[in-house]
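Here's data-v2.pdb, which has PDB, C-alpha atoms, pLDDT in the B column:
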ATOM      1  CA  MET Y   1     -16.823 -36.854 -33.828  1.00 55.00           C
ATOM      2  CA  PRO Y   2     -19.057 -38.798 -31.407  1.00 56.00           C
ATOM      3  CA  ALA Y   3     -20.652 -36.714 -28.625  1.00 51.00           C
ATOM      4  CA  ALA Y   4     -18.795 -38.555 -25.817  1.00 48.00           C
ATOM      5  CA  GLU Y   5     -15.432 -37.917 -27.504  1.00 55.00           C
ATOM      6  CA  ALA Y   6     -16.272 -34.216 -28.086  1.00 48.00           C
ATOM      7  CA  HIS Y   7     -17.318 -33.851 -24.442  1.00 45.00           C
ATOM      8  CA  ALA Y   8     -14.061 -35.467 -23.213  1.00 45.00           C
ATOM      9  CA  LYS Y   9     -12.035 -33.198 -25.512  1.00 50.00           C
ATOM     10  CA  ALA Y  10     -13.916 -30.130 -24.229  1.00 46.00           C
ATOM     11  CA  LEU Y  11     -12.991 -31.051 -20.652  1.00 49.00           C
ATOM     12  CA  ASP Y  12      -9.324 -30.908 -21.636  1.00 54.00           C
ATOM     13  CA  ARG Y  13      -9.743 -27.254 -22.660  1.00 53.00           C
ATOM     14  CA  PRO Y  14      -9.226 -24.478 -20.113  1.00 53.00           C
ATOM     15  CA  TRP Y  15     -12.453 -23.295 -18.472  1.00 50.00           C
ATOM     16  CA  TRP Y  16     -12.350 -19.980 -20.265  1.00 48.00           C
ATOM     17  CA  LEU Y  17     -12.198 -21.692 -23.684  1.00 53.00           C
ATOM     18  CA  GLN Y  18     -15.214 -23.797 -22.739  1.00 55.00           C
ATOM     19  CA  PHE Y  19     -16.940 -20.599 -21.695  1.00 51.00           C
ATOM     20  CA  ALA Y  20     -15.837 -18.950 -24.950  1.00 52.00           C
ATOM     21  CA  HIS Y  21     -17.543 -21.639 -26.930  1.00 56.00           C
ATOM     22  CA  ARG Y  22     -20.823 -20.776 -25.180  1.00 55.00           C
ATOM     23  CA  ASN Y  23     -20.594 -17.014 -25.131  1.00 58.00           C
ATOM     24  CA  ALA Y  24     -18.138 -15.491 -27.606  1.00 60.00           C
ATOM     25  CA  GLN Y  25     -18.764 -11.845 -26.702  1.00 56.00           C
ATOM     26  CA  LEU Y  26     -18.110 -12.270 -22.975  1.00 50.00           C
ATOM     27  CA  ALA Y  27     -15.152 -14.517 -23.731  1.00 53.00           C
ATOM     28  CA  LYS Y  28     -13.629 -11.825 -25.951  1.00 55.00           C
ATOM     29  CA  ARG Y  29     -13.836  -9.334 -23.084  1.00 52.00           C
ATOM     30  CA  LEU Y  30     -12.348 -11.908 -20.691  1.00 48.00           C
ATOM     31  CA  LEU Y  31      -9.467 -12.722 -23.058  1.00 52.00           C
ATOM     32  CA  ASP Y  32      -8.804  -9.008 -23.558  1.00 55.00           C
ATOM     33  CA  MET Y  33      -8.706  -8.492 -19.776  1.00 50.00           C
ATOM     34  CA  LEU Y  34      -6.390 -11.501 -19.272  1.00 48.00           C
ATOM     35  CA  SER Y  35      -4.010 -10.294 -21.980  1.00 56.00           C
ATOM     36  CA  ARG Y  36      -3.355  -7.041 -20.092  1.00 57.00           C
ATOM     37  CA  ALA Y  37      -1.933  -7.817 -16.669  1.00 56.00           C
ATOM     38  CA  MET Y  38      -0.603  -6.065 -13.584  1.00 55.00           C
ATOM     39  CA  LEU Y  39       2.529  -7.576 -12.034  1.00 57.00           C
ATOM     40  CA  TYR Y  40       2.256  -7.550  -8.232  1.00 56.00           C
ATOM     41  CA  TYR Y  41       5.371  -8.004  -6.103  1.00 59.00           C
ATOM     42  CA  LEU Y  42       5.580  -9.628  -2.717  1.00 57.00           C
ATOM     43  CA  ASN Y  43       8.811 -10.334  -0.877  1.00 67.00           C
ATOM     44  CA  GLU Y  44       8.161 -14.006  -1.455  1.00 74.00           C
ATOM     45  CA  ALA Y  45       6.681 -13.976  -4.956  1.00 79.00           C
ATOM     46  CA  ALA Y  46       5.105 -12.123  -7.864  1.00 81.00           C
ATOM     47  CA  PHE Y  47       1.913 -12.915  -9.725  1.00 82.00           C
ATOM     48  CA  GLU Y  48      -0.234 -11.465 -12.480  1.00 85.00           C
ATOM     49  CA  LEU Y  49      -3.753 -10.149 -12.104  1.00 84.00           C
ATOM     50  CA  PRO Y  50      -6.162  -9.399 -14.933  1.00 83.00           C
ATOM     51  CA  ASP Y  51      -6.095  -5.709 -15.842  1.00 82.00           C
ATOM     52  CA  ALA Y  52      -9.531  -5.104 -14.361  1.00 84.00           C
ATOM     53  CA  GLY Y  53      -8.754  -1.775 -12.717  1.00 84.00           C
ATOM     54  CA  PHE Y  54      -7.198  -3.166  -9.540  1.00 84.00           C
ATOM     55  CA  VAL Y  55      -5.738  -0.452  -7.291  1.00 82.00           C
ATOM     56  CA  ASP Y  56      -3.038  -1.544  -4.869  1.00 82.00           C
ATOM     57  CA  ARG Y  57      -4.177  -0.406  -1.434  1.00 84.00           C
ATOM     58  CA  SER Y  58      -2.154  -2.972   0.443  1.00 85.00           C
ATOM     59  CA  ILE Y  59      -1.123  -2.307   4.007  1.00 89.00           C
ATOM     60  CA  HIS Y  60       1.985  -3.866   5.488  1.00 89.00           C
ATOM     61  CA  ARG Y  61       2.298  -4.010   9.267  1.00 91.00           C
ATOM     62  CA  LEU Y  62       5.533  -4.873  11.045  1.00 89.00           C
ATOM     63  CA  GLU Y  63       5.340  -5.363  14.816  1.00 91.00           C
ATOM     64  CA  THR Y  64       7.824  -5.670  17.647  1.00 89.00           C
ATOM     65  CA  VAL Y  65       8.121  -5.011  21.366  1.00 88.00           C
ATOM     66  CA  THR Y  66      10.615  -2.393  22.538  1.00 85.00           C
ATOM     67  CA  ALA Y  67      13.245  -2.953  25.234  1.00 82.00           C
ATOM     68  CA  GLY Y  68      10.807  -1.143  27.549  1.00 83.00           C
ATOM     69  CA  GLY Y  69       8.150  -3.779  26.846  1.00 87.00           C
ATOM     70  CA  LYS Y  70       5.910  -1.525  24.738  1.00 89.00           C
ATOM     71  CA  ASP Y  71       4.308  -2.415  21.393  1.00 91.00           C
ATOM     72  CA  PHE Y  72       5.946  -0.758  18.407  1.00 91.00           C
ATOM     73  CA  THR Y  73       4.789  -0.901  14.769  1.00 93.00           C
ATOM     74  CA  VAL Y  74       5.871   0.225  11.345  1.00 93.00           C
ATOM     75  CA  VAL Y  75       2.992   0.405   8.876  1.00 94.00           C
ATOM     76  CA  VAL Y  76       3.258   0.971   5.110  1.00 92.00           C
ATOM     77  CA  ILE Y  77       0.131   2.218   3.303  1.00 92.00           C
ATOM     78  CA  ARG Y  78      -0.423   2.966  -0.371  1.00 89.00           C
ATOM     79  CA  ASN Y  79      -2.634   5.897  -1.390  1.00 86.00           C
ATOM     80  CA  PRO Y  80      -3.425   6.669  -5.035  1.00 86.00           C
ATOM     81  CA  LEU Y  81      -2.123   9.957  -6.417  1.00 88.00           C
ATOM     82  CA  ALA Y  82      -4.898  11.234  -8.647  1.00 89.00           C
ATOM     83  CA  PRO Y  83      -4.034  13.354 -11.699  1.00 90.00           C
ATOM     84  CA  GLY Y  84      -3.668  16.990 -10.692  1.00 92.00           C
ATOM     85  CA  LYS Y  85      -3.044  16.167  -7.014  1.00 93.00           C
ATOM     86  CA  SER Y  86       0.270  16.639  -5.245  1.00 94.00           C
ATOM     87  CA  VAL Y  87       1.932  14.763  -2.410  1.00 95.00           C
ATOM     88  CA  ARG Y  88       0.970  17.739  -0.237  1.00 96.00           C
ATOM     89  CA  ASP Y  89      -2.720  17.295  -1.188  1.00 95.00           C
ATOM     90  CA  VAL Y  90      -2.685  13.604  -0.238  1.00 93.00           C
ATOM     91  CA  PHE Y  91      -0.746  14.406   2.961  1.00 95.00           C
ATOM     92  CA  VAL Y  92      -3.311  17.034   4.008  1.00 96.00           C
ATOM     93  CA  GLU Y  93      -6.202  14.628   3.326  1.00 94.00           C
ATOM     94  CA  HIS Y  94      -4.456  11.946   5.436  1.00 94.00           C
ATOM     95  CA  GLN Y  95      -3.868  14.421   8.276  1.00 95.00           C
ATOM     96  CA  ASP Y  96      -7.485  15.595   8.155  1.00 96.00           C
ATOM     97  CA  ARG Y  97      -8.765  11.991   8.415  1.00 95.00           C
ATOM     98  CA  GLU Y  98      -6.499  11.356  11.396  1.00 95.00           C
ATOM     99  CA  ARG Y  99      -7.441  14.637  13.066  1.00 96.00           C
ATOM    100  CA  ARG Y 100     -11.119  13.646  12.905  1.00 96.00           C
ATOM    101  CA  SER Y 101     -10.638  10.037  14.042  1.00 96.00           C
ATOM    102  CA  LEU Y 102      -7.842  10.086  16.648  1.00 96.00           C
ATOM    103  CA  LEU Y 103      -8.483  11.524  20.097  1.00 96.00           C
ATOM    104  CA  GLY Y 104      -6.161  14.374  21.035  1.00 96.00           C
ATOM    105  CA  TRP Y 105      -4.452  14.333  17.617  1.00 96.00           C
ATOM    106  CA  THR Y 106      -1.735  16.987  17.439  1.00 96.00           C
ATOM    107  CA  SER Y 107       0.834  17.700  14.742  1.00 96.00           C
ATOM    108  CA  LEU Y 108       4.209  18.306  16.382  1.00 96.00           C
ATOM    109  CA  ALA Y 109       6.283  19.021  13.257  1.00 96.00           C
ATOM    110  CA  GLU Y 110       6.411  18.552   9.504  1.00 96.00           C
ATOM    111  CA  ARG Y 111       8.909  19.193   6.742  1.00 96.00           C
ATOM    112  CA  GLU Y 112       9.219  18.646   3.010  1.00 96.00           C
ATOM    113  CA  VAL Y 113      12.168  16.495   1.917  1.00 95.00           C
ATOM    114  CA  ASP Y 114      13.515  14.756  -1.166  1.00 94.00           C
ATOM    115  CA  ILE Y 115      14.056  11.011  -0.833  1.00 92.00           C
ATOM    116  CA  ASP Y 116      15.759   9.096  -3.633  1.00 91.00           C
ATOM    117  CA  GLY Y 117      14.656  11.774  -6.105  1.00 92.00           C
ATOM    118  CA  CYS Y 118      11.019  11.741  -4.962  1.00 93.00           C
ATOM    119  CA  PRO Y 119       9.065  14.495  -3.192  1.00 95.00           C
ATOM    120  CA  ALA Y 120       8.195  13.584   0.376  1.00 96.00           C
ATOM    121  CA  ILE Y 121       6.805  15.036   3.585  1.00 97.00           C
ATOM    122  CA  GLU Y 122       7.850  13.928   7.060  1.00 97.00           C
ATOM    123  CA  ALA Y 123       5.608  14.545  10.055  1.00 96.00           C
ATOM    124  CA  CYS Y 124       5.572  13.945  13.807  1.00 97.00           C
ATOM    125  CA  ILE Y 125       2.191  13.346  15.426  1.00 96.00           C
ATOM    126  CA  ARG Y 126       0.871  12.503  18.865  1.00 97.00           C
ATOM    127  CA  TRP Y 127      -2.552  11.242  19.855  1.00 97.00           C
ATOM    128  CA  LYS Y 128      -4.277   9.481  22.731  1.00 97.00           C
ATOM    129  CA  SER Y 129      -5.204   5.804  22.550  1.00 94.00           C
ATOM    130  CA  ASP Y 130      -6.914   3.675  25.182  1.00 94.00           C
ATOM    131  CA  ARG Y 131      -3.377   2.670  26.342  1.00 90.00           C
ATOM    132  CA  GLY Y 132      -2.026   6.215  26.684  1.00 94.00           C
ATOM    133  CA  MET Y 133      -0.269   8.774  24.512  1.00 96.00           C
ATOM    134  CA  VAL Y 134       1.056   7.574  21.161  1.00 96.00           C
ATOM    135  CA  TYR Y 135       3.994   9.102  19.299  1.00 97.00           C
ATOM    136  CA  GLN Y 136       4.062   8.707  15.542  1.00 97.00           C
ATOM    137  CA  ARG Y 137       6.491   9.574  12.769  1.00 97.00           C
ATOM    138  CA  GLN Y 138       5.165   9.597   9.217  1.00 97.00           C
ATOM    139  CA  LEU Y 139       6.794   9.698   5.804  1.00 96.00           C
ATOM    140  CA  HIS Y 140       4.574  10.485   2.787  1.00 96.00           C
ATOM    141  CA  LEU Y 141       6.542   9.765  -0.397  1.00 95.00           C
ATOM    142  CA  GLY Y 142       5.196  10.400  -3.880  1.00 94.00           C
ATOM    143  CA  PHE Y 143       6.182   8.490  -6.991  1.00 86.00           C
ATOM    144  CA  ASP Y 144       4.475   7.300 -10.145  1.00 81.00           C
ATOM    145  CA  ARG Y 145       0.762   7.497  -9.366  1.00 84.00           C
ATOM    146  CA  GLU Y 146       0.841   6.816  -5.647  1.00 89.00           C
ATOM    147  CA  VAL Y 147       1.894   8.142  -2.291  1.00 93.00           C
ATOM    148  CA  LEU Y 148       3.557   5.606  -0.065  1.00 93.00           C
ATOM    149  CA  VAL Y 149       2.952   6.356   3.623  1.00 95.00           C
ATOM    150  CA  VAL Y 150       5.376   4.849   6.139  1.00 95.00           C
ATOM    151  CA  VAL Y 151       4.333   5.220   9.777  1.00 96.00           C
ATOM    152  CA  ALA Y 152       6.411   4.393  12.867  1.00 95.00           C
ATOM    153  CA  ASN Y 153       4.112   4.163  15.893  1.00 94.00           C
ATOM    154  CA  GLY Y 154       4.893   3.695  19.572  1.00 94.00           C
ATOM    155  CA  ALA Y 155       4.147   4.807  23.093  1.00 95.00           C
ATOM    156  CA  MET Y 156       5.189   8.385  23.868  1.00 95.00           C
ATOM    157  CA  GLU Y 157       7.840   7.105  26.300  1.00 92.00           C
ATOM    158  CA  GLU Y 158       9.398   5.179  23.390  1.00 89.00           C
ATOM    159  CA  ARG Y 159       9.833   8.329  21.312  1.00 90.00           C
ATOM    160  CA  GLU Y 160      13.596   7.809  20.921  1.00 88.00           C
ATOM    161  CA  ALA Y 161      13.083   4.303  19.488  1.00 89.00           C
ATOM    162  CA  CYS Y 162      10.433   5.669  17.128  1.00 90.00           C
ATOM    163  CA  ASP Y 163      12.692   8.501  15.955  1.00 91.00           C
ATOM    164  CA  ALA Y 164      15.695   6.176  15.513  1.00 89.00           C
ATOM    165  CA  THR Y 165      13.601   3.729  13.490  1.00 90.00           C
ATOM    166  CA  MET Y 166      12.160   6.378  11.180  1.00 91.00           C
ATOM    167  CA  ASP Y 167      15.546   8.083  10.792  1.00 91.00           C
ATOM    168  CA  ARG Y 168      16.980   4.764   9.632  1.00 89.00           C
ATOM    169  CA  ILE Y 169      14.055   4.174   7.240  1.00 90.00           C
ATOM    170  CA  VAL Y 170      14.499   7.638   5.719  1.00 91.00           C
ATOM    171  CA  ALA Y 171      18.287   7.237   5.420  1.00 89.00           C
ATOM    172  CA  THR Y 172      18.036   3.849   3.691  1.00 88.00           C
ATOM    173  CA  PHE Y 173      14.826   4.265   1.644  1.00 88.00           C
ATOM    174  CA  ARG Y 174      15.331   3.391  -2.030  1.00 86.00           C
ATOM    175  CA  VAL Y 175      12.577   3.405  -4.623  1.00 85.00           C
ATOM    176  CA  ARG Y 176      12.513   0.261  -6.780  1.00 80.00           C
ATOM    177  CA  ARG Y 177      12.110   1.633 -10.272  1.00 75.00           C
ATOM    178  CA  ALA Y 178      10.874  -0.514 -13.147  1.00 66.00           C
TER     179      ALA Y 178
END

Written as structure tokens, how would this file's structure read?
Amino acid sequence: MPAAEAHAKALDRPWWLQFAHRNAQLAKRLLDMLSRAMLYYLNEAAFELPDAGFVDRSIHRLETVTAGGKDFTVVVIRNPLAPGKSVRDVFVEHQDRERRSLLGWTSLAEREVDIDGCPAIEACIRWKSDRGMVYQRQLHLGFDREVLVVVANGAMEEREACDATMDRIVATFRVRRA
């Protein structure tokens, strides 16, 4: 095969096959990684990632303004659940980080609950921001190898809206099982 024809044919190959031709050992590792994939869901789509040890630490933030004109957010955070650790362990670590970083942080209440067959802990927190006192409801829910943390956050004077929102989240929460 003439060199020009071989070069044109090589350009038709995927990049990783061209790479494989040059470095078989690295290409084998790449092909192995691409053959094992993690399916990642979004509301709008799903896509595969190479199984390269990705850990989903995504944070979802939903924002609104209350009838009283105050900012209100619901935040969803994923924390890994290491082997040998419990939801309580991850919850305590989360609370300790907040206690150290949020001015005037105070735990108002907490309770252990079961949500859709999963162990969970609910908590009420207050802390001081540069805009005033903040009221926060948290739900720490353990399943598989992660703890999903759902946080409803608003101004202290919007406590009823915060409680109503979290109560609805807790009442309607369903784990999507594979």

| Ground truth for the PyMOL selection byres ((chain Y and resi 90) around 12), written as a VMD selection string | chain Y and resid 78 to 89 91 to 97 120 to 121 139 to 142 145 to 149

| field | Hits from the PyMOL selection byres ((chain Y and resi 123) around 8), listed as a list of chain:residue names | value | Y:Ser107, Y:Leu108, Y:Ala109, Y:Glu110, Y:Arg111, Y:Ile121, Y:Glu122, Y:Cys124, Y:Ile125, Y:Arg137, Y:Gln138, Y:Leu139

| task | Take the PyMOL selection byres ((chain Y and resi 175) around 9), apply it to the structure above, and return the hits as number ranges by chain. | result | Y: 115-118, 143, 173-174, 176-177

Could you write out that same residue set with C-alpha atoms as a PDB file, in the coordinates of the input?
ATOM      1  CA  ILE Y 115      14.056  11.011  -0.833  1.00 92.00           C
ATOM      2  CA  ASP Y 116      15.759   9.096  -3.633  1.00 91.00           C
ATOM      3  CA  GLY Y 117      14.656  11.774  -6.105  1.00 92.00           C
ATOM      4  CA  CYS Y 118      11.019  11.741  -4.962  1.00 93.00           C
ATOM      5  CA  PHE Y 143       6.182   8.490  -6.991  1.00 86.00           C
ATOM      6  CA  PHE Y 173      14.826   4.265   1.644  1.00 88.00           C
ATOM      7  CA  ARG Y 174      15.331   3.391  -2.030  1.00 86.00           C
ATOM      8  CA  ARG Y 176      12.513   0.261  -6.780  1.00 80.00           C
ATOM      9  CA  ARG Y 177      12.110   1.633 -10.272  1.00 75.00           C
TER      10      ARG Y 177
END

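Distance check against Arg57 (chain Y) using only C-alpha atoms: of Y:Val150, Y:Val170, Y:Asp114, Y:Ile77, the minimum falls on Y:Ile77.
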
| request: Figure out the distance between CA of Val75 (chain Y) and CA of Ile59 (chain Y), please, to one decimal in Å. | output: 6.9 Å

| query | Which neighbours of Val74 (chain Y) fall inside 12 Å, counting only C-alpha atoms, when residues of the same chain fewer than 6 positions from it are skipped, and could you give them as JSON, numbers by chain? | reply | {"Y": [59, 60, 61, 62, 63, 64, 65, 136, 137, 138, 139, 149, 150, 151, 152, 153, 154, 161, 162, 163, 165, 166, 169]}

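CA of Leu103 (chain Y) is found 5.4 Å from CA of Lys128 (chain Y).
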
| How many Å separate CA of Ala45 (chain Y) from CA of Ala171 (chain Y)? | 26.3 Å

| request: For Thr66 (chain Y), please output as JSON, numbers by chain all residues within 8 Å (counting all atoms listed in the file; exclusion window: fewer than 5 positions along the same chain). | output: {"Y": [71, 72, 158, 161]}

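Of the listed residues Y:Arg100, Y:Tyr135, Y:Asp56, Y:Pro50, the one whose atoms come nearest to Thr73 (chain Y) is Y:Tyr135, with distances taken using only C-alpha atoms.
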
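When all atoms listed in the file are used to compute distances to Met133 (chain Y), the closest of the residues Y:Glu160, Y:Thr172, Y:Pro119, Y:Gly104 turns out to be Y:Gly104.
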
What are the centre and edge lengths in Å, to one decimal, of the axis-aligned box around all listed atoms of region 144-160 of chain Y with 3 Å added on each side, as lines of an AutoDock Vina configuration file?
center_x = 7.2
center_y = 6.0
center_z = 8.1
size_x = 18.8
size_y = 10.7
size_z = 42.4
